[in-house]
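Listing of target-v9.cif, mmCIF, C-alpha atoms
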data_data
#
loop_
_atom_site.label_atom_id
_atom_site.label_comp_id
_atom_site.auth_asym_id
_atom_site.auth_seq_id
_atom_site.Cartn_x
_atom_site.Cartn_y
_atom_site.Cartn_z
CA MET A 101 170.34 102.08 100.43
CA ALA A 102 167.15 100.12 101.01
CA SER A 103 165.04 103.27 100.86
CA ASN A 104 166.79 104.35 97.68
CA ALA A 105 166.29 100.92 96.11
CA VAL A 106 162.55 100.98 96.83
CA LYS A 107 162.26 104.50 95.42
CA ALA A 108 164.08 103.35 92.31
CA LEU A 109 161.72 100.41 91.81
CA TYR A 110 158.68 102.61 92.29
CA GLY A 111 159.83 105.80 90.57
CA PHE A 112 161.46 104.06 87.65
CA GLY A 113 159.87 100.62 87.30
CA LEU A 114 156.25 101.57 87.95
CA VAL A 115 156.33 104.72 85.83
CA MET A 116 158.02 102.86 82.98
CA TRP A 117 155.21 100.30 83.17
CA LEU A 118 152.64 103.12 83.11
CA LEU A 119 154.32 104.59 80.05
CA ALA A 120 153.97 101.22 78.33
CA VAL A 121 150.28 100.64 79.18
CA PHE A 122 148.84 104.15 79.61
CA PRO A 123 147.41 106.19 76.71
CA LYS A 124 149.71 109.17 76.02
CA ALA A 125 147.08 111.79 76.88
CA ALA A 126 146.26 110.08 80.21
CA PHE A 127 149.93 109.89 81.14
CA ALA A 128 150.42 113.57 80.26
CA ASN A 129 147.52 114.55 82.58
CA TYR A 130 148.88 112.35 85.36
CA LEU A 131 152.33 113.91 84.92
CA ILE A 132 150.98 117.44 85.35
CA VAL A 133 148.98 116.58 88.49
CA GLN A 134 151.81 114.62 90.11
CA THR A 135 154.43 117.27 89.30
CA THR A 136 152.24 120.07 90.64
CA TYR A 137 151.58 118.19 93.89
CA LEU A 138 155.27 117.41 94.40
CA ILE A 139 156.25 121.03 93.81
CA LEU A 140 153.72 122.43 96.30
CA ALA A 141 154.40 119.73 98.92
CA GLN A 142 158.16 120.33 98.74
CA LEU A 143 157.77 124.10 98.98
CA ILE A 144 155.42 123.96 101.95
CA SER A 145 157.55 121.37 103.78
CA GLY A 146 160.80 123.22 103.13
CA PHE A 147 159.40 126.54 104.28
CA SER A 148 157.90 124.95 107.40
CA PHE A 149 160.54 122.51 108.63
CA ALA A 150 163.99 123.70 107.51
CA ALA A 151 164.65 125.60 110.75
CA PHE A 152 163.27 122.64 112.73
CA ILE A 153 166.08 120.46 111.37
CA LYS A 154 168.77 123.17 111.39
CA PHE A 155 168.30 124.01 115.10
CA TYR A 156 167.24 120.55 116.29
CA TYR A 157 170.51 119.94 118.13
CA GLU A 158 170.27 123.17 120.11
CA LYS A 159 168.80 121.50 123.17
CA GLY A 160 166.12 123.12 125.23
CA ARG A 161 164.14 124.60 122.35
CA GLU A 162 162.54 121.48 120.87
CA VAL A 163 159.02 122.44 121.96
CA GLU A 164 159.27 125.96 120.55
CA PHE A 165 160.71 124.92 117.19
CA GLN A 166 158.27 122.03 116.73
CA SER A 167 155.38 124.33 117.59
CA SER A 168 156.62 127.02 115.20
CA ALA A 169 157.11 124.44 112.43
CA LEU A 170 153.59 123.06 112.79
CA LEU A 171 152.03 126.54 112.89
CA ILE A 172 153.90 127.63 109.75
CA PHE A 173 153.02 124.34 108.05
CA GLY A 174 149.30 124.71 108.67
CA ILE A 175 148.99 128.39 107.75
CA THR A 176 151.17 128.05 104.64
CA ALA A 177 149.18 125.06 103.38
CA ILE A 178 145.87 126.92 103.80
CA VAL A 179 147.15 130.00 101.95
CA VAL A 180 148.83 128.05 99.13
CA PHE A 181 145.88 125.81 98.36
CA THR A 182 143.34 128.62 98.62
CA LEU A 183 145.29 130.47 95.93
CA PHE A 184 145.70 127.25 93.93
CA ILE A 185 141.97 126.48 93.89
CA MET A 186 141.20 130.06 92.84
CA SER A 187 143.72 129.94 89.98
CA ALA A 188 142.96 126.36 88.83
CA PRO A 189 140.75 127.37 85.82
CA THR A 190 143.46 129.70 84.49
CA LEU A 191 146.13 127.08 85.06
CA ALA A 192 144.07 124.46 83.20
CA MET A 193 143.75 126.81 80.22
CA LEU A 194 147.49 127.57 80.12
CA LEU A 195 148.35 123.85 80.25
CA ASN A 196 145.81 122.83 77.59
CA MET A 197 143.75 120.93 80.19
CA GLN A 198 140.37 122.62 79.72
CA ALA A 199 138.63 119.28 79.18
CA ASP A 200 140.38 117.74 82.19
CA ALA A 201 140.39 120.69 84.60
CA GLY A 202 138.74 118.57 87.31
CA LEU A 203 141.95 116.57 87.66
CA LEU A 204 143.62 119.54 89.35
CA LYS A 205 141.42 118.86 92.41
CA PHE A 206 143.64 115.88 93.10
CA VAL A 207 146.52 118.22 93.98
CA PRO A 208 145.03 119.45 97.31
CA ALA A 209 143.60 115.97 97.95
CA LEU A 210 147.06 114.43 97.66
CA PHE A 211 148.50 117.03 100.02
CA ILE A 212 145.85 116.53 102.70
CA ALA A 213 146.38 112.77 102.59
CA SER A 214 150.18 113.11 102.79
CA ALA A 215 150.50 115.98 105.30
CA PRO A 216 151.13 113.76 108.39
CA LYS A 217 153.69 111.78 106.40
CA LEU A 218 155.49 114.98 105.37
CA PHE A 219 155.79 115.99 109.03
CA SER A 220 156.88 112.59 110.32
CA ASN A 221 159.55 112.37 107.60
CA GLU A 222 161.10 115.62 108.85
CA VAL A 223 161.15 114.22 112.39
CA PHE A 224 162.93 111.10 111.11
CA LYS A 225 165.51 113.24 109.28
CA ALA A 226 166.23 115.32 112.37
CA ARG A 227 166.59 112.19 114.52
CA HIS A 228 168.57 110.27 111.88
CA ALA A 229 165.85 107.61 112.23
CA ILE A 230 166.42 106.30 108.72
CA LYS A 231 164.83 102.91 109.37
CA ALA A 232 161.53 104.56 110.33
CA TYR A 233 161.82 106.87 107.32
CA PHE A 234 162.24 103.79 105.13
CA MET A 235 159.18 102.09 106.61
CA ALA A 236 156.95 105.10 105.98
CA GLU A 237 158.22 105.46 102.42
CA VAL A 238 157.94 101.78 101.55
CA THR A 239 154.34 101.74 102.81
CA PHE A 240 153.41 104.32 100.18
CA PHE A 241 155.39 102.75 97.35
CA ILE A 242 154.12 99.22 97.88
CA SER A 243 150.48 100.09 98.60
CA HIS A 244 150.20 102.42 95.60
CA SER A 245 151.84 99.88 93.28
CA VAL A 246 149.63 97.03 94.47
CA MET A 247 146.44 99.06 94.08
CA ILE A 248 147.34 100.18 90.55
CA VAL A 249 148.19 96.64 89.43
CA MET A 250 144.88 95.38 90.85
CA ILE A 251 142.96 98.07 88.95
CA TYR A 252 144.87 97.26 85.78
CA PHE A 253 143.90 93.58 85.87
CA TYR A 254 140.32 94.32 86.96
CA SER A 255 139.31 97.10 84.56
CA GLY A 256 142.44 98.41 82.83
CA LEU A 257 144.15 101.81 83.08
CA GLN A 258 142.60 104.35 80.73
CA ARG A 259 142.32 107.61 82.70
CA ALA A 260 144.61 109.59 84.98
CA GLN A 261 142.06 109.04 87.78
CA ASP A 262 142.84 105.32 87.70
CA VAL A 263 146.27 106.14 89.12
CA LEU A 264 145.44 109.24 91.20
CA TYR A 265 142.69 107.75 93.40
CA PRO A 266 145.00 104.94 94.60
CA MET A 267 147.73 107.53 95.18
CA VAL A 268 145.51 109.46 97.60
CA ALA A 269 144.71 106.24 99.48
CA ALA A 270 148.38 105.20 99.60
CA TYR A 271 149.47 108.57 100.98
CA PHE A 272 146.81 108.35 103.68
CA LEU A 273 147.97 104.87 104.68
CA SER A 274 151.65 105.88 104.78
CA SER A 275 150.74 108.95 106.86
CA LEU A 276 149.20 106.69 109.49
CA VAL A 277 152.33 104.52 109.52
CA GLY A 278 154.63 107.56 109.69
CA ILE A 279 152.86 109.16 112.65
CA TRP A 280 152.78 105.82 114.48
CA LEU A 281 156.53 105.30 114.02
CA ALA A 282 157.30 108.89 115.04
CA ARG A 283 155.13 108.82 118.17
CA LYS A 284 158.08 108.49 120.59
CA ASN A 285 160.01 111.33 118.95
CA LEU A 286 157.23 113.89 119.03
CA VAL A 287 156.92 116.54 121.72
CA TYR A 288 153.30 116.42 122.87
CA ARG A 289 153.16 120.05 123.87
CA PHE A 290 152.58 123.34 122.09
CA LYS A 291 154.53 126.37 123.22
CA LEU A 292 154.81 129.24 120.80
CA SER A 293 157.74 131.58 121.26
CA THR A 294 157.64 134.77 119.19
CA LYS A 295 161.43 134.91 119.19
CA ASN A 296 161.80 131.35 117.88
CA LEU A 297 158.96 131.82 115.39
CA LEU A 298 160.69 134.87 113.91
CA GLU A 299 164.03 133.04 113.90
CA ALA A 300 162.45 130.12 112.06
CA LEU A 301 160.79 132.45 109.54
CA ARG A 302 164.06 134.30 108.89
CA PHE A 303 165.85 131.03 108.14
CA ASN A 304 162.94 129.47 106.27
CA ARG A 305 162.31 132.44 103.97
CA PHE A 306 165.51 131.75 102.09
CA VAL A 307 164.73 128.03 102.01
CA LEU A 308 161.34 128.89 100.48
CA ALA A 309 162.93 131.19 97.93
CA ILE A 310 165.50 128.50 97.11
CA GLY A 311 162.69 125.94 96.82
CA VAL A 312 160.80 128.17 94.39
CA SER A 313 163.87 128.75 92.24
CA ASN A 314 164.81 125.06 92.49
CA ASN A 315 161.39 123.91 91.30
CA ILE A 316 161.43 126.49 88.53
CA PHE A 317 164.81 125.11 87.52
CA GLU A 318 163.63 121.48 87.73
CA HIS A 319 160.09 121.64 86.37
CA VAL A 320 159.50 124.75 84.28
CA ASP A 321 160.37 122.75 81.15
CA THR A 322 157.45 120.37 81.81
CA TYR A 323 154.98 123.27 82.00
CA VAL A 324 156.46 125.08 78.99
CA VAL A 325 156.23 121.86 76.94
CA ALA A 326 152.62 121.45 78.11
CA GLY A 327 151.82 125.02 77.06
CA PHE A 328 153.57 125.05 73.67
CA LEU A 329 153.29 121.45 72.48
CA ASP A 330 150.58 118.77 72.40
CA LYS A 331 149.83 115.95 74.85
CA PRO A 332 151.80 113.25 72.97
CA ALA A 333 154.88 115.52 73.01
CA LEU A 334 154.43 116.12 76.74
CA ALA A 335 154.15 112.36 77.30
CA THR A 336 157.37 111.82 75.33
CA PHE A 337 159.16 114.47 77.36
CA GLY A 338 157.82 112.83 80.52
CA ALA A 339 159.29 109.53 79.34
CA LEU A 340 162.68 111.21 78.91
CA LYS A 341 162.49 112.89 82.32
CA LEU A 342 161.72 109.51 83.88
CA PHE A 343 165.41 108.66 83.56
CA THR A 344 166.45 111.87 85.32
CA ARG A 345 164.40 110.74 88.33
CA ILE A 346 167.49 108.75 89.24
CA PHE A 347 169.10 112.08 90.04
CA THR A 348 166.00 113.29 91.88
CA MET A 349 166.26 110.23 94.15
CA PHE A 350 169.96 110.98 94.61
CA ARG A 351 169.05 114.50 95.74
CA GLN A 352 166.47 113.15 98.17
CA VAL A 353 168.99 110.76 99.72
CA VAL A 354 171.60 113.51 100.06
CA GLY A 355 168.97 115.81 101.57
CA THR A 356 167.89 113.13 104.04
CA LEU A 357 171.43 112.36 105.20
CA GLY A 358 173.64 115.26 104.11
CA PHE A 359 171.84 118.36 105.38
CA PRO A 360 171.39 117.10 108.97
CA ALA A 361 174.98 115.75 109.02
CA PHE A 362 176.53 118.99 107.74
CA ALA A 363 174.37 121.00 110.16
CA ARG A 364 175.46 118.87 113.11
CA LEU A 365 179.18 119.01 112.26
CA HIS A 366 178.96 122.78 111.81
CA SER A 367 177.07 123.28 115.08
CA GLU A 368 179.70 121.20 116.93
CA GLY A 369 182.58 123.14 115.36
CA ARG A 370 184.06 120.07 113.63
CA GLN A 371 185.40 121.89 110.58
CA ARG A 372 187.90 119.21 109.59
CA ASP A 373 185.21 116.52 109.62
CA LEU A 374 182.91 118.85 107.68
CA ILE A 375 185.45 119.25 104.88
CA SER A 376 186.24 115.54 104.89
CA LEU A 377 182.57 114.59 104.61
CA TYR A 378 182.09 116.96 101.67
CA GLU A 379 185.19 115.66 99.86
CA LYS A 380 184.21 112.06 100.44
CA GLY A 381 180.66 112.70 99.25
CA ILE A 382 181.86 114.35 96.05
CA TYR A 383 184.30 111.54 95.24
CA TYR A 384 181.84 108.67 95.62
CA ALA A 385 178.92 110.59 94.12
CA THR A 386 181.00 111.25 91.01
CA ILE A 387 181.79 107.55 90.65
CA LEU A 388 178.19 106.45 91.26
CA LEU A 389 176.59 108.99 88.94
CA GLY A 390 179.27 108.43 86.29
CA PHE A 391 178.38 104.72 86.12
CA ILE A 392 174.67 105.56 85.92
CA VAL A 393 175.21 108.02 83.06
CA LEU A 394 177.36 105.49 81.18
CA ALA A 395 174.74 102.74 81.61
CA VAL A 396 171.93 104.94 80.29
CA LEU A 397 174.06 106.06 77.34
CA LEU A 398 174.60 102.44 76.36
CA LEU A 399 171.01 101.30 76.95
CA ALA A 400 169.07 104.32 75.66
CA ASP A 401 167.93 102.71 72.39
CA PHE A 402 167.05 99.47 74.16
CA PHE A 403 164.72 101.26 76.59
CA PHE A 404 162.79 103.12 73.89
CA ASP A 405 162.87 100.70 70.97
CA PHE A 406 162.19 97.45 72.84
CA ILE A 407 160.36 98.41 76.04
CA LEU A 408 158.64 101.77 75.52
CA THR A 409 157.69 101.06 71.93
CA LYS A 410 155.13 103.90 71.87
CA TYR A 411 158.10 106.26 72.15
CA ALA A 412 160.46 104.46 69.74
CA GLY A 413 163.30 106.59 68.37
CA SER A 414 163.69 108.74 71.51
CA GLY A 415 166.98 107.16 72.54
CA PHE A 416 168.91 109.95 70.78
CA TYR A 417 167.25 112.56 73.00
CA LEU A 418 167.94 110.53 76.12
CA ARG A 419 171.66 110.22 75.40
CA ILE A 420 171.94 114.01 75.37
CA PHE A 421 169.61 114.56 78.32
CA ILE A 422 171.39 112.16 80.66
CA ILE A 423 174.70 114.06 80.45
CA LEU A 424 173.44 116.48 83.11
CA GLY A 425 173.91 113.66 85.64
CA LEU A 426 177.64 114.36 85.61
CA PHE A 427 176.98 117.74 87.26
CA VAL A 428 174.28 116.73 89.77
CA GLY A 429 176.56 115.36 92.50
CA TRP A 430 178.66 118.51 92.87
CA GLN A 431 175.59 120.75 92.84
CA THR A 432 173.47 118.69 95.25
CA ILE A 433 176.13 118.02 97.88
CA GLY A 434 177.28 121.63 97.64
CA ASP A 435 173.78 122.98 98.23
CA ASN A 436 173.26 120.75 101.28
CA LEU A 437 176.58 121.82 102.76
CA LEU A 438 175.72 125.51 102.31
CA TYR A 439 172.35 124.86 103.99
CA GLY A 440 174.09 123.04 106.83
CA ILE A 441 176.58 125.83 107.58
CA GLY A 442 173.77 128.40 107.63
CA LYS A 443 174.25 129.95 104.18
CA PRO A 444 170.77 129.66 102.62
CA ARG A 445 171.10 133.19 101.24
CA THR A 446 174.08 132.12 99.14
CA VAL A 447 172.14 129.16 97.73
CA PHE A 448 169.20 131.44 97.01
CA TYR A 449 171.11 134.02 94.99
CA ASN A 450 172.96 131.28 93.16
CA ARG A 451 169.71 129.50 92.32
CA ILE A 452 167.78 132.58 91.29
CA VAL A 453 170.35 133.50 88.64
CA ALA A 454 170.33 129.95 87.25
CA SER A 455 166.51 129.87 87.30
CA VAL A 456 166.19 133.11 85.33
CA TRP A 457 168.47 131.69 82.64
CA ASN A 458 166.52 128.42 82.74
CA VAL A 459 163.11 130.05 82.24
CA LEU A 460 164.26 132.35 79.46
CA LEU A 461 166.08 129.63 77.54
CA ASN A 462 163.21 127.17 77.94
CA ILE A 463 160.64 129.60 76.56
CA ILE A 464 162.86 130.60 73.65
CA LEU A 465 164.25 127.20 72.72
CA ILE A 466 161.14 125.04 73.33
CA SER A 467 158.98 127.37 71.25
CA GLN A 468 161.53 127.10 68.42
CA TYR A 469 162.95 123.58 68.70
CA GLY A 470 160.47 121.63 70.86
CA ILE A 471 161.87 118.88 73.08
CA THR A 472 165.42 119.43 71.80
CA GLY A 473 165.32 122.98 73.20
CA ALA A 474 164.30 121.70 76.63
CA ILE A 475 167.16 119.18 76.71
CA VAL A 476 169.80 121.72 75.67
CA THR A 477 168.54 124.17 78.29
CA ALA A 478 168.61 121.55 81.06
CA ASN A 479 172.21 120.54 80.38
CA PHE A 480 173.55 124.06 79.94
CA THR A 481 171.95 125.57 83.04
CA MET A 482 172.83 122.57 85.26
CA PHE A 483 176.47 122.94 84.22
CA LEU A 484 176.43 126.64 85.13
CA LEU A 485 174.76 125.89 88.47
CA MET A 486 177.33 123.22 89.30
CA LEU A 487 180.22 125.61 88.64
CA SER A 488 178.80 128.44 90.75
CA THR A 489 177.79 126.13 93.65
CA THR A 490 181.27 124.59 93.80
CA TYR A 491 182.82 128.07 93.81
CA PHE A 492 180.79 129.15 96.86
CA VAL A 493 181.51 125.91 98.72
CA ARG A 494 185.25 126.32 98.17
CA LYS A 495 185.02 129.94 99.28
CA ASN A 496 183.27 128.98 102.55
CA ILE A 497 185.09 125.81 103.66
CA GLY A 498 188.29 125.73 101.59
CA PHE A 499 188.13 122.13 100.38
CA THR A 500 190.81 120.96 97.95
CA PHE A 501 190.55 118.92 94.78
CA ALA A 502 193.54 116.92 95.99
CA GLY A 503 191.54 116.09 99.12
CA ILE A 504 188.68 114.78 96.97
CA TRP A 505 191.06 112.61 94.95
CA ASN A 506 192.67 111.24 98.13
CA LYS A 507 189.30 109.84 99.27
CA ARG A 508 189.88 106.95 96.86
CA ARG A 509 191.84 105.32 99.70
CA ASP A 510 188.91 105.35 102.12
CA LEU A 511 187.06 102.46 100.51
CA TYR A 512 190.13 100.23 100.76
CA PHE A 513 190.64 101.01 104.46
CA PHE A 514 186.92 100.62 105.16
CA ILE A 515 186.84 97.13 103.64
CA HIS A 516 190.17 96.19 105.24
CA ASP A 517 189.02 97.23 108.73
CA TYR A 518 185.64 95.56 108.31
CA LEU A 519 187.19 92.24 107.29
CA LYS A 520 189.71 92.45 110.10
CA LYS A 521 186.99 93.02 112.72
CA ASN A 522 184.91 90.13 111.40
#
Now, as a test, write the supplied structure out as structure tokens.
Amino acid sequence: MASNAVKALYGFGLVMWLLAVFPKAAFANYLIVQTTYLILAQLISGFSFAAFIKFYYEKGREVEFQSSALLIFGITAIVVFTLFIMSAPTLAMLLNMQADAGLLKFVPALFIASAPKLFSNEVFKARHAIKAYFMAEVTFFISHSVMIVMIYFYSGLQRAQDVLYPMVAAYFLSSLVGIWLARKNLVYRFKLSTKNLLEALRFNRFVLAIGVSNNIFEHVDTYVVAGFLDKPALATFGALKLFTRIFTMFRQVVGTLGFPAFARLHSEGRQRDLISLYEKGIYYATILLGFIVLAVLLLADFFFDFILTKYAGSGFYLRIFIILGLFVGWQTIGDNLLYGIGKPRTVFYNRIVASVWNVLLNIILISQYGITGAIVTANFTMFLLMLSTTYFVRKNIGFTFAGIWNKRRDLYFFIHDYLKKN
């Protein structure tokens, strides 16, 4: 909860402040660089460390799986960023960034600075060391925020570089903290096993494919808007997507806790607990996200007409956009369960179909209807993805909707037992 609260303050509060003080063109450039970095970092980390977490509880192979993960991480990063640097001029042209093409150099710089943090975070997930995970995350959030505020009061924020340089420094600082906190959980040996390397690659290939389709699903609208519309329109769309970051943070929390928990219960053969955890997660996620959606629906005009005055009148778009939050809980928890029980192929095929629909509809509707087309596409394809994910979860573990509804009693018993003990 503490980690999620800090992410909310940083991801929502700081970016909302940037929207209020940043020129629209500068914010649009910052949005493209940050989104591109996050996509590549997530893909490389997922492809490198998914098997490390999945097989972490199979004792006796820690050295081999850590060694395989680090080898894959290093080679993948070199290949990805070599291709990225080579294609950067073309990418800048497609995104209408010819005059600001140099900003794309921040993408590999951000990755290099954050690479140790990305690794240590995976160690914390595998060990359920959530306190250490929180400390590494909060180091980045606080240091980046403080540096940006200092720059703002000293010289003002006029260019994307004013935010990106401090981000590189903050990632480097949090990487140092992350490695220091993870020092006792690392295996200080390197032993490469061809068998384990191939096993990791077989598992990770579907995670990579899922990551690609997931990022297409999540971010293709940003790039299509950048290609078809102007910088002010991209900034407006970025302001709308700011509110969906609430759901991105929800996914990160579920991924941090849910995937390792589902994997452990599955490995230990605790099928009843596995089903119970899924049902409980769905019930409380639905309540939490339902309240968030309702709050944004009620406050949409306030946010845009009284706080983000540069984007006044966008509350109507936000009220439609935020509806997708009602589907996020089912889809996210379902995906993490399928990962945990060793069904990445199912998630992949499910995602790839949804991503194809997402890309096609975004290109067609954004070119015709602008931002409205992007919002309609996001809601429609998320609804389809939620339905198909829930179908595959039910097929694999046989949960019941009555079981989800019965979880309403758990909170009462939890509070009752806690008060009784204290």
Selected by the PyMOL selection byres ((chain A and resi 213) around 12) in the shown coordinates: which residues, as a list in words?
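That expression, the PyMOL selection byres ((chain A and resi 213) around 12), corresponds here to Tyr137, Ala141, Phe206, Val207, Pro208, Ala209, Leu210, Phe211, Ile212, Ser214, Ala215, Pro216, Lys217, Leu218, Phe219, Phe240, Leu264, Tyr265, Pro266, Met267, Val268, Ala269, Ala270, Tyr271, Phe272, Leu273, Ser274, Ser275 and Leu276 of chain A.
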Out of A:Asn458, A:Gln371, A:Thr182, A:Asn196, which residue has the shortest atom-to-atom distance to Val476 (chain A) when counting all atoms listed in the file?
A:Asn458
Residue nearest Ile172 (chain A) - candidates A:Arg305, A:Lys495, A:Lys231, A:Arg370, atoms counted: all atoms listed in the file:
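Nearest to Ile172 (chain A): A:Arg305.
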I'd like the neighbourhood of region 349-366 of chain A as a VMD selection string, where a residue qualifies if any of its atoms comes within 10 Å (using all atoms listed in the file), though same-chain residues fewer than 6 positions away should be ignored.
chain A and resid 101 103 to 105 107 to 108 111 150 153 to 158 221 to 222 224 to 228 230 233 372 to 375 377 to 378 381 385 388 to 389 428 to 429 431 to 442
For the file shown, what are the residues hit by the PyMOL selection byres ((chain A and resi 478) around 9), laid out as a list in words?
Phe317, Glu318, Asp321, Phe421, Leu424, Asn458, Asn462, Gly473, Ala474, Ile475, Val476, Thr477, Asn479, Phe480, Thr481, Met482 and Phe483 of chain A
List the spatial neighbours of Thr135 (chain A) as a short mmCIF file (atom, residue, chain, number, x, y, z; two decimals) with C-alpha atoms, in the frame of the given file - criterion: any atom at most 12 Å away, only C-alpha atoms, same-chain residues fewer than 6 positions off excluded.
data_model
loop_
_atom_site.label_atom_id
_atom_site.label_comp_id
_atom_site.auth_asym_id
_atom_site.auth_seq_id
_atom_site.Cartn_x
_atom_site.Cartn_y
_atom_site.Cartn_z
CA PHE A 127 149.93 109.89 81.14
CA ALA A 128 150.42 113.57 80.26
CA ASN A 129 147.52 114.55 82.58
CA ALA A 141 154.40 119.73 98.92
CA GLN A 142 158.16 120.33 98.74
CA LEU A 204 143.62 119.54 89.35
CA PHE A 206 143.64 115.88 93.10
CA VAL A 207 146.52 118.22 93.98
CA LEU A 210 147.06 114.43 97.66
CA ASN A 315 161.39 123.91 91.30
CA ILE A 316 161.43 126.49 88.53
CA GLU A 318 163.63 121.48 87.73
CA HIS A 319 160.09 121.64 86.37
CA VAL A 320 159.50 124.75 84.28
CA ASP A 321 160.37 122.75 81.15
CA THR A 322 157.45 120.37 81.81
CA TYR A 323 154.98 123.27 82.00
CA GLY A 338 157.82 112.83 80.52
CA LYS A 341 162.49 112.89 82.32
CA LEU A 342 161.72 109.51 83.88
CA ARG A 345 164.40 110.74 88.33
#
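Among the candidate residues A:Thr446, A:Val393, A:Phe501, A:Ile420, the one lying nearest to Ile346 (chain A) is A:Val393, with distances computed using all atoms listed in the file.
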Kindly resolve the PyMOL selection byres ((chain A and resi 400) around 10) on the present coordinates and return the residues as a PDB file with C-alpha atoms, keeping the file's coordinate frame.
ATOM      1  CA  LEU A 340     162.680 111.210  78.910  1.00  0.00           C
ATOM      2  CA  PHE A 343     165.410 108.660  83.560  1.00  0.00           C
ATOM      3  CA  ALA A 395     174.740 102.740  81.610  1.00  0.00           C
ATOM      4  CA  VAL A 396     171.930 104.940  80.290  1.00  0.00           C
ATOM      5  CA  LEU A 397     174.060 106.060  77.340  1.00  0.00           C
ATOM      6  CA  LEU A 398     174.600 102.440  76.360  1.00  0.00           C
ATOM      7  CA  LEU A 399     171.010 101.300  76.950  1.00  0.00           C
ATOM      8  CA  ASP A 401     167.930 102.710  72.390  1.00  0.00           C
ATOM      9  CA  PHE A 402     167.050  99.470  74.160  1.00  0.00           C
ATOM     10  CA  PHE A 403     164.720 101.260  76.590  1.00  0.00           C
ATOM     11  CA  PHE A 404     162.790 103.120  73.890  1.00  0.00           C
ATOM     12  CA  ASP A 405     162.870 100.700  70.970  1.00  0.00           C
ATOM     13  CA  GLY A 413     163.300 106.590  68.370  1.00  0.00           C
ATOM     14  CA  SER A 414     163.690 108.740  71.510  1.00  0.00           C
ATOM     15  CA  GLY A 415     166.980 107.160  72.540  1.00  0.00           C
ATOM     16  CA  PHE A 416     168.910 109.950  70.780  1.00  0.00           C
ATOM     17  CA  TYR A 417     167.250 112.560  73.000  1.00  0.00           C
ATOM     18  CA  LEU A 418     167.940 110.530  76.120  1.00  0.00           C
ATOM     19  CA  ARG A 419     171.660 110.220  75.400  1.00  0.00           C
ATOM     20  CA  ILE A 422     171.390 112.160  80.660  1.00  0.00           C
TER      21      ILE A 422
END
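In this structure, CA of Phe347 (chain A) sits 9.9 Å away from CA of Leu426 (chain A).
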Measuring between only C-alpha atoms, which one of A:Thr336, A:Trp457, A:Phe112, A:Ile423 shows the shortest distance to Tyr411 (chain A)?
A:Thr336
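Taking only C-alpha atoms into account, Leu511 (chain A) lies nearest to A:Tyr384 out of the set A:Gln198, A:Tyr384, A:Ser243, A:Ala326.
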For the atom pair CA of Val163 (chain A) and CA of Val447 (chain A), what is the interatomic distance in Å to one decimal place?
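Value for the CA of Val163 (chain A)-CA of Val447 (chain A) distance: 28.4 Å.
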